[in-house]
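Structure file model.pdb (PDB, C-alpha atoms, pLDDT in the B column) is printed below.
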ATOM      1  CA  MET A   1      15.687   3.348  -7.492  1.00 59.00           C
ATOM      2  CA  SER A   2      17.759   6.322  -6.481  1.00 64.00           C
ATOM      3  CA  PRO A   3      18.773   8.943  -9.071  1.00 70.00           C
ATOM      4  CA  PHE A   4      22.164   9.257  -7.378  1.00 68.00           C
ATOM      5  CA  ALA A   5      25.095   7.077  -8.241  1.00 68.00           C
ATOM      6  CA  ALA A   6      25.868   4.409  -5.695  1.00 68.00           C
ATOM      7  CA  ARG A   7      29.144   4.882  -3.918  1.00 69.00           C
ATOM      8  CA  HIS A   8      30.972   1.914  -2.579  1.00 70.00           C
ATOM      9  CA  ALA A   9      32.969   2.543   0.539  1.00 68.00           C
ATOM     10  CA  ARG A  10      36.665   2.013   0.009  1.00 70.00           C
ATOM     11  CA  PRO A  11      39.191   1.993   2.810  1.00 70.00           C
ATOM     12  CA  ALA A  12      41.298   5.109   2.768  1.00 71.00           C
ATOM     13  CA  GLY A  13      44.860   4.367   1.704  1.00 74.00           C
ATOM     14  CA  PRO A  14      47.986   6.303   2.513  1.00 76.00           C
ATOM     15  CA  GLY A  15      48.316   9.715   0.910  1.00 80.00           C
ATOM     16  CA  PRO A  16      50.846  10.537  -1.788  1.00 81.00           C
ATOM     17  CA  VAL A  17      53.291  12.136   0.644  1.00 87.00           C
ATOM     18  CA  ARG A  18      53.382   9.008   2.797  1.00 87.00           C
ATOM     19  CA  GLN A  19      53.700   6.787  -0.275  1.00 88.00           C
ATOM     20  CA  TRP A  20      56.941   8.566  -1.142  1.00 91.00           C
ATOM     21  CA  ALA A  21      58.194   9.393   2.367  1.00 93.00           C
ATOM     22  CA  GLU A  22      58.026   5.831   3.647  1.00 93.00           C
ATOM     23  CA  PRO A  23      60.451   4.212   1.152  1.00 94.00           C
ATOM     24  CA  ILE A  24      62.802   7.202   1.391  1.00 94.00           C
ATOM     25  CA  ALA A  25      62.844   6.989   5.201  1.00 95.00           C
ATOM     26  CA  VAL A  26      63.298   3.212   5.214  1.00 95.00           C
ATOM     27  CA  GLY A  27      66.122   3.434   2.666  1.00 94.00           C
ATOM     28  CA  ALA A  28      67.835   6.303   4.487  1.00 95.00           C
ATOM     29  CA  VAL A  29      67.707   4.545   7.848  1.00 96.00           C
ATOM     30  CA  ALA A  30      68.905   1.209   6.454  1.00 95.00           C
ATOM     31  CA  ILE A  31      71.747   2.637   4.372  1.00 92.00           C
ATOM     32  CA  GLY A  32      72.668   5.034   7.185  1.00 91.00           C
ATOM     33  CA  LEU A  33      72.907   2.113   9.614  1.00 92.00           C
ATOM     34  CA  ILE A  34      75.115   0.168   7.229  1.00 90.00           C
ATOM     35  CA  ALA A  35      77.366   3.171   6.612  1.00 87.00           C
ATOM     36  CA  GLY A  36      77.492   3.964  10.334  1.00 89.00           C
ATOM     37  CA  VAL A  37      78.439   0.416  11.280  1.00 88.00           C
ATOM     38  CA  MET A  38      81.125   0.309   8.593  1.00 88.00           C
ATOM     39  CA  LEU A  39      82.575   3.624   9.791  1.00 85.00           C
ATOM     40  CA  TYR A  40      82.376   2.575  13.437  1.00 88.00           C
ATOM     41  CA  LEU A  41      84.123  -0.731  12.817  1.00 85.00           C
ATOM     42  CA  GLY A  42      86.618   0.829  10.442  1.00 82.00           C
ATOM     43  CA  THR A  43      86.165  -1.919   7.927  1.00 75.00           C
ATOM     44  CA  ALA A  44      86.164  -1.763   4.161  1.00 74.00           C
ATOM     45  CA  GLY A  45      84.758  -5.244   3.618  1.00 76.00           C
ATOM     46  CA  VAL A  46      82.456  -6.467   0.912  1.00 79.00           C
ATOM     47  CA  PHE A  47      79.450  -7.193   3.107  1.00 84.00           C
ATOM     48  CA  GLY A  48      78.361  -3.570   3.506  1.00 82.00           C
ATOM     49  CA  PRO A  49      77.959  -2.907  -0.218  1.00 84.00           C
ATOM     50  CA  LEU A  50      76.255  -6.277  -0.631  1.00 89.00           C
ATOM     51  CA  LEU A  51      73.757  -5.357   2.077  1.00 91.00           C
ATOM     52  CA  VAL A  52      73.066  -2.096   0.238  1.00 90.00           C
ATOM     53  CA  LEU A  53      72.141  -4.157  -2.819  1.00 92.00           C
ATOM     54  CA  VAL A  54      69.865  -6.330  -0.691  1.00 94.00           C
ATOM     55  CA  ILE A  55      68.180  -3.171   0.584  1.00 94.00           C
ATOM     56  CA  ALA A  56      67.582  -2.077  -3.012  1.00 95.00           C
ATOM     57  CA  ALA A  57      65.969  -5.446  -3.745  1.00 95.00           C
ATOM     58  CA  VAL A  58      63.755  -5.279  -0.659  1.00 95.00           C
ATOM     59  CA  LEU A  59      62.659  -1.710  -1.422  1.00 95.00           C
ATOM     60  CA  GLY A  60      61.949  -2.659  -5.035  1.00 94.00           C
ATOM     61  CA  TRP A  61      59.883  -5.635  -3.927  1.00 93.00           C
ATOM     62  CA  ARG A  62      57.910  -3.722  -1.302  1.00 92.00           C
ATOM     63  CA  TYR A  63      57.371  -0.347  -2.969  1.00 92.00           C
ATOM     64  CA  GLY A  64      57.754  -1.006  -6.688  1.00 89.00           C
ATOM     65  CA  PHE A  65      60.349   0.133  -9.182  1.00 90.00           C
ATOM     66  CA  LEU A  66      60.122   3.908  -9.006  1.00 92.00           C
ATOM     67  CA  LYS A  67      59.598   4.388  -5.275  1.00 93.00           C
ATOM     68  CA  GLY A  68      62.049   1.597  -4.423  1.00 92.00           C
ATOM     69  CA  THR A  69      64.714   3.140  -6.639  1.00 92.00           C
ATOM     70  CA  VAL A  70      64.215   6.590  -5.130  1.00 94.00           C
ATOM     71  CA  GLY A  71      64.229   5.119  -1.620  1.00 93.00           C
ATOM     72  CA  ALA A  72      67.495   3.283  -2.268  1.00 92.00           C
ATOM     73  CA  GLY A  73      69.195   5.872  -4.471  1.00 93.00           C
ATOM     74  CA  LEU A  74      68.493   9.109  -2.607  1.00 94.00           C
ATOM     75  CA  PRO A  75      70.613   8.203   0.452  1.00 93.00           C
ATOM     76  CA  ILE A  76      73.494   7.254  -1.846  1.00 92.00           C
ATOM     77  CA  ALA A  77      73.154  10.600  -3.650  1.00 94.00           C
ATOM     78  CA  LEU A  78      73.235  12.373  -0.274  1.00 93.00           C
ATOM     79  CA  LEU A  79      76.329  10.404   0.741  1.00 90.00           C
ATOM     80  CA  ILE A  80      78.043  11.412  -2.513  1.00 92.00           C
ATOM     81  CA  ALA A  81      77.116  15.068  -1.908  1.00 93.00           C
ATOM     82  CA  ALA A  82      78.506  14.833   1.634  1.00 90.00           C
ATOM     83  CA  GLU A  83      81.706  13.296   0.275  1.00 88.00           C
ATOM     84  CA  LEU A  84      82.085  16.123  -2.232  1.00 90.00           C
ATOM     85  CA  VAL A  85      81.632  18.711   0.534  1.00 90.00           C
ATOM     86  CA  ARG A  86      84.171  16.852   2.681  1.00 87.00           C
ATOM     87  CA  GLN A  87      86.675  16.858  -0.182  1.00 88.00           C
ATOM     88  CA  GLN A  88      86.285  20.587  -0.720  1.00 88.00           C
ATOM     89  CA  LEU A  89      86.538  21.493   2.963  1.00 89.00           C
ATOM     90  CA  SER A  90      89.521  19.298   3.763  1.00 86.00           C
ATOM     91  CA  GLY A  91      91.409  19.931   0.546  1.00 82.00           C
ATOM     92  CA  ASP A  92      91.676  16.184  -0.047  1.00 77.00           C
ATOM     93  CA  LYS A  93      91.960  15.670  -3.787  1.00 71.00           C
ATOM     94  CA  ALA A  94      92.694  11.925  -3.695  1.00 71.00           C
ATOM     95  CA  SER A  95      89.593  11.160  -5.725  1.00 75.00           C
ATOM     96  CA  GLY A  96      88.326  13.950  -7.919  1.00 83.00           C
ATOM     97  CA  VAL A  97      84.843  15.348  -8.166  1.00 85.00           C
ATOM     98  CA  ILE A  98      84.156  13.654 -11.484  1.00 89.00           C
ATOM     99  CA  GLN A  99      85.322  10.277 -10.216  1.00 90.00           C
ATOM    100  CA  SER A 100      83.131  10.544  -7.097  1.00 88.00           C
ATOM    101  CA  VAL A 101      80.081  11.532  -9.133  1.00 91.00           C
ATOM    102  CA  LEU A 102      80.634   8.716 -11.637  1.00 93.00           C
ATOM    103  CA  ILE A 103      81.025   6.135  -8.872  1.00 90.00           C
ATOM    104  CA  GLY A 104      77.823   7.369  -7.207  1.00 91.00           C
ATOM    105  CA  ALA A 105      75.901   7.386 -10.482  1.00 94.00           C
ATOM    106  CA  SER A 106      77.006   3.853 -11.309  1.00 95.00           C
ATOM    107  CA  VAL A 107      75.994   2.609  -7.851  1.00 92.00           C
ATOM    108  CA  ILE A 108      72.583   4.285  -8.156  1.00 94.00           C
ATOM    109  CA  LEU A 109      72.040   2.807 -11.628  1.00 95.00           C
ATOM    110  CA  PHE A 110      73.025  -0.652 -10.402  1.00 94.00           C
ATOM    111  CA  MET A 111      70.634  -0.326  -7.471  1.00 94.00           C
ATOM    112  CA  ALA A 112      67.890   0.834  -9.854  1.00 93.00           C
ATOM    113  CA  GLY A 113      68.407  -2.321 -11.904  1.00 94.00           C
ATOM    114  CA  ILE A 114      68.143  -4.501  -8.819  1.00 95.00           C
ATOM    115  CA  ALA A 115      65.004  -2.660  -7.639  1.00 94.00           C
ATOM    116  CA  PHE A 116      63.495  -3.093 -11.116  1.00 93.00           C
ATOM    117  CA  LEU A 117      64.270  -6.808 -11.132  1.00 95.00           C
ATOM    118  CA  ALA A 118      62.720  -7.297  -7.690  1.00 94.00           C
ATOM    119  CA  SER A 119      59.588  -5.343  -8.617  1.00 92.00           C
ATOM    120  CA  ALA A 120      59.263  -7.251 -11.897  1.00 91.00           C
ATOM    121  CA  LEU A 121      59.533 -10.568 -10.063  1.00 91.00           C
ATOM    122  CA  ARG A 122      56.932  -9.409  -7.573  1.00 89.00           C
ATOM    123  CA  GLY A 123      54.585  -8.359 -10.352  1.00 85.00           C
ATOM    124  CA  ARG A 124      55.062 -11.668 -12.118  1.00 83.00           C
ATOM    125  CA  TYR A 125      54.860 -14.162  -9.275  1.00 81.00           C
ATOM    126  CA  ARG A 126      52.964 -12.556  -6.420  1.00 77.00           C
ATOM    127  CA  ARG A 127      49.311 -13.441  -6.476  1.00 69.00           C
ATOM    128  CA  PRO A 128      46.771 -10.881  -5.263  1.00 68.00           C
ATOM    129  CA  PRO A 129      44.755 -11.882  -2.173  1.00 64.00           C
ATOM    130  CA  GLU A 130      41.563 -12.416  -4.155  1.00 68.00           C
ATOM    131  CA  ALA A 131      43.283 -14.946  -6.438  1.00 69.00           C
ATOM    132  CA  ARG A 132      44.483 -17.106  -3.549  1.00 64.00           C
ATOM    133  CA  ARG A 133      42.543 -20.271  -2.918  1.00 66.00           C
ATOM    134  CA  GLU A 134      41.698 -21.648   0.455  1.00 64.00           C
ATOM    135  CA  PRO A 135      43.492 -24.896   1.274  1.00 58.00           C
ATOM    136  CA  GLU A 136      41.389 -27.859   0.339  1.00 62.00           C
ATOM    137  CA  THR A 137      40.476 -29.923   3.359  1.00 59.00           C
ATOM    138  CA  ASP A 138      37.688 -32.263   4.313  1.00 57.00           C
ATOM    139  CA  TYR A 139      37.332 -30.675   7.699  1.00 57.00           C
ATOM    140  CA  THR A 140      34.756 -27.964   8.215  1.00 60.00           C
ATOM    141  CA  GLU A 141      33.724 -26.483  11.502  1.00 63.00           C
ATOM    142  CA  GLY A 142      30.209 -27.915  11.337  1.00 62.00           C
ATOM    143  CA  SER A 143      31.275 -31.365  10.180  1.00 58.00           C
ATOM    144  CA  PRO A 144      30.538 -34.218  12.577  1.00 60.00           C
ATOM    145  CA  TRP A 145      33.504 -36.185  11.219  1.00 57.00           C
ATOM    146  CA  ARG A 146      36.657 -35.112  12.937  1.00 53.00           C
ATOM    147  CA  SER A 147      40.010 -36.756  12.867  1.00 51.00           C
TER
END
For the structure just supplied, provide its representation as structure tokens.
Amino acid sequence: MSPFAARHARPAGPGPVRQWAEPIAVGAVAIGLIAGVMLYLGTAGVFGPLLVLVIAAVLGWRYGFLKGTVGAGLPIALLIAAELVRQQLSGDKASGVIQSVLIGASVILFMAGIAFLASALRGRYRRPPEARREPETDYTEGSPWRS
């Protein structure tokens, strides 16, 4: 018997930078595409904001509550900051600074709630791979009885 502790080889997972960078990049690209398409088409429909909520749900499901919320909320915060800069540079005071910040904060909080709900549903109903059973069948590869 060896005096050294046995080490079991574990596959190396992604580092902490990649764990945070991936949901932020996915959220930024998805929300940027939605915003770009809405600006390109010149539409103010309801489907763009609904797709943003779907993105929050997908990020919450895939990356969990905290990383999904950051991945969905950070692009919205950057869009709000860009809107505030645009207002200051153009002199457009149609919607004030406080109103823009409150709208952005409410959208981010709503998206955080959706990401939390999706991650909670995933944690409740998704079974880990080791808990999954193989489908029960009478057929085995070495069985002489085949249908």
Within 10 Å of stretch 110-117 of chain A using only C-alpha atoms, minus same-chain residues under 3 positions, as a PDB file with C-alpha atoms, keeping the file's coordinate frame:
ATOM      1  CA  VAL A  52      73.066  -2.096   0.238  1.00 90.00           C
ATOM      2  CA  LEU A  53      72.141  -4.157  -2.819  1.00 92.00           C
ATOM      3  CA  VAL A  54      69.865  -6.330  -0.691  1.00 94.00           C
ATOM      4  CA  ILE A  55      68.180  -3.171   0.584  1.00 94.00           C
ATOM      5  CA  ALA A  56      67.582  -2.077  -3.012  1.00 95.00           C
ATOM      6  CA  ALA A  57      65.969  -5.446  -3.745  1.00 95.00           C
ATOM      7  CA  VAL A  58      63.755  -5.279  -0.659  1.00 95.00           C
ATOM      8  CA  LEU A  59      62.659  -1.710  -1.422  1.00 95.00           C
ATOM      9  CA  GLY A  60      61.949  -2.659  -5.035  1.00 94.00           C
ATOM     10  CA  TRP A  61      59.883  -5.635  -3.927  1.00 93.00           C
ATOM     11  CA  ARG A  62      57.910  -3.722  -1.302  1.00 92.00           C
ATOM     12  CA  TYR A  63      57.371  -0.347  -2.969  1.00 92.00           C
ATOM     13  CA  GLY A  64      57.754  -1.006  -6.688  1.00 89.00           C
ATOM     14  CA  PHE A  65      60.349   0.133  -9.182  1.00 90.00           C
ATOM     15  CA  LEU A  66      60.122   3.908  -9.006  1.00 92.00           C
ATOM     16  CA  LYS A  67      59.598   4.388  -5.275  1.00 93.00           C
ATOM     17  CA  GLY A  68      62.049   1.597  -4.423  1.00 92.00           C
ATOM     18  CA  THR A  69      64.714   3.140  -6.639  1.00 92.00           C
ATOM     19  CA  VAL A  70      64.215   6.590  -5.130  1.00 94.00           C
ATOM     20  CA  GLY A  71      64.229   5.119  -1.620  1.00 93.00           C
ATOM     21  CA  ALA A  72      67.495   3.283  -2.268  1.00 92.00           C
ATOM     22  CA  GLY A  73      69.195   5.872  -4.471  1.00 93.00           C
ATOM     23  CA  ILE A  76      73.494   7.254  -1.846  1.00 92.00           C
ATOM     24  CA  GLY A 104      77.823   7.369  -7.207  1.00 91.00           C
ATOM     25  CA  ALA A 105      75.901   7.386 -10.482  1.00 94.00           C
ATOM     26  CA  SER A 106      77.006   3.853 -11.309  1.00 95.00           C
ATOM     27  CA  VAL A 107      75.994   2.609  -7.851  1.00 92.00           C
ATOM     28  CA  ALA A 120      59.263  -7.251 -11.897  1.00 91.00           C
ATOM     29  CA  LEU A 121      59.533 -10.568 -10.063  1.00 91.00           C
ATOM     30  CA  ARG A 122      56.932  -9.409  -7.573  1.00 89.00           C
ATOM     31  CA  GLY A 123      54.585  -8.359 -10.352  1.00 85.00           C
TER      32      GLY A 123
END
Problem set entry | Atomic distance atom CA of A:Ser100 - atom CA of A:Val46, expressed in Å with one decimal |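 It comes out at 18.8 Å.
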Take the PyMOL selection byres ((chain A and resi 31) around 12), apply it to the structure above, and return the hits as a PDB file with C-alpha atoms, in the frame of the given file.
ATOM      1  CA  PRO A  23      60.451   4.212   1.152  1.00 94.00           C
ATOM      2  CA  ILE A  24      62.802   7.202   1.391  1.00 94.00           C
ATOM      3  CA  ALA A  25      62.844   6.989   5.201  1.00 95.00           C
ATOM      4  CA  VAL A  26      63.298   3.212   5.214  1.00 95.00           C
ATOM      5  CA  GLY A  27      66.122   3.434   2.666  1.00 94.00           C
ATOM      6  CA  ALA A  28      67.835   6.303   4.487  1.00 95.00           C
ATOM      7  CA  VAL A  29      67.707   4.545   7.848  1.00 96.00           C
ATOM      8  CA  ALA A  30      68.905   1.209   6.454  1.00 95.00           C
ATOM      9  CA  GLY A  32      72.668   5.034   7.185  1.00 91.00           C
ATOM     10  CA  LEU A  33      72.907   2.113   9.614  1.00 92.00           C
ATOM     11  CA  ILE A  34      75.115   0.168   7.229  1.00 90.00           C
ATOM     12  CA  ALA A  35      77.366   3.171   6.612  1.00 87.00           C
ATOM     13  CA  GLY A  36      77.492   3.964  10.334  1.00 89.00           C
ATOM     14  CA  VAL A  37      78.439   0.416  11.280  1.00 88.00           C
ATOM     15  CA  MET A  38      81.125   0.309   8.593  1.00 88.00           C
ATOM     16  CA  GLY A  48      78.361  -3.570   3.506  1.00 82.00           C
ATOM     17  CA  PRO A  49      77.959  -2.907  -0.218  1.00 84.00           C
ATOM     18  CA  LEU A  50      76.255  -6.277  -0.631  1.00 89.00           C
ATOM     19  CA  LEU A  51      73.757  -5.357   2.077  1.00 91.00           C
ATOM     20  CA  VAL A  52      73.066  -2.096   0.238  1.00 90.00           C
ATOM     21  CA  LEU A  53      72.141  -4.157  -2.819  1.00 92.00           C
ATOM     22  CA  VAL A  54      69.865  -6.330  -0.691  1.00 94.00           C
ATOM     23  CA  ILE A  55      68.180  -3.171   0.584  1.00 94.00           C
ATOM     24  CA  ALA A  56      67.582  -2.077  -3.012  1.00 95.00           C
ATOM     25  CA  LEU A  59      62.659  -1.710  -1.422  1.00 95.00           C
ATOM     26  CA  GLY A  71      64.229   5.119  -1.620  1.00 93.00           C
ATOM     27  CA  ALA A  72      67.495   3.283  -2.268  1.00 92.00           C
ATOM     28  CA  GLY A  73      69.195   5.872  -4.471  1.00 93.00           C
ATOM     29  CA  LEU A  74      68.493   9.109  -2.607  1.00 94.00           C
ATOM     30  CA  PRO A  75      70.613   8.203   0.452  1.00 93.00           C
ATOM     31  CA  ILE A  76      73.494   7.254  -1.846  1.00 92.00           C
ATOM     32  CA  ALA A  77      73.154  10.600  -3.650  1.00 94.00           C
ATOM     33  CA  LEU A  78      73.235  12.373  -0.274  1.00 93.00           C
ATOM     34  CA  LEU A  79      76.329  10.404   0.741  1.00 90.00           C
TER      35      LEU A  79
END
Output, as AutoDock Vina command-line options, the centre and edge lengths in Å (one decimal) of the axis-aligned box that contains all listed atoms of stretch 104-110 of chain A with 5 Å of margin on each side.
--center_x 74.9 --center_y 3.4 --center_z -9.4 --size_x 15.8 --size_y 18.0 --size_z 14.4
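Between atom CA of A:Trp20 and atom CA of A:His8 the separation is 26.8 Å.
Taking atom CA of A:Ala81 and atom CA of A:Ala21 as endpoints, the distance between them is 20.2 Å.
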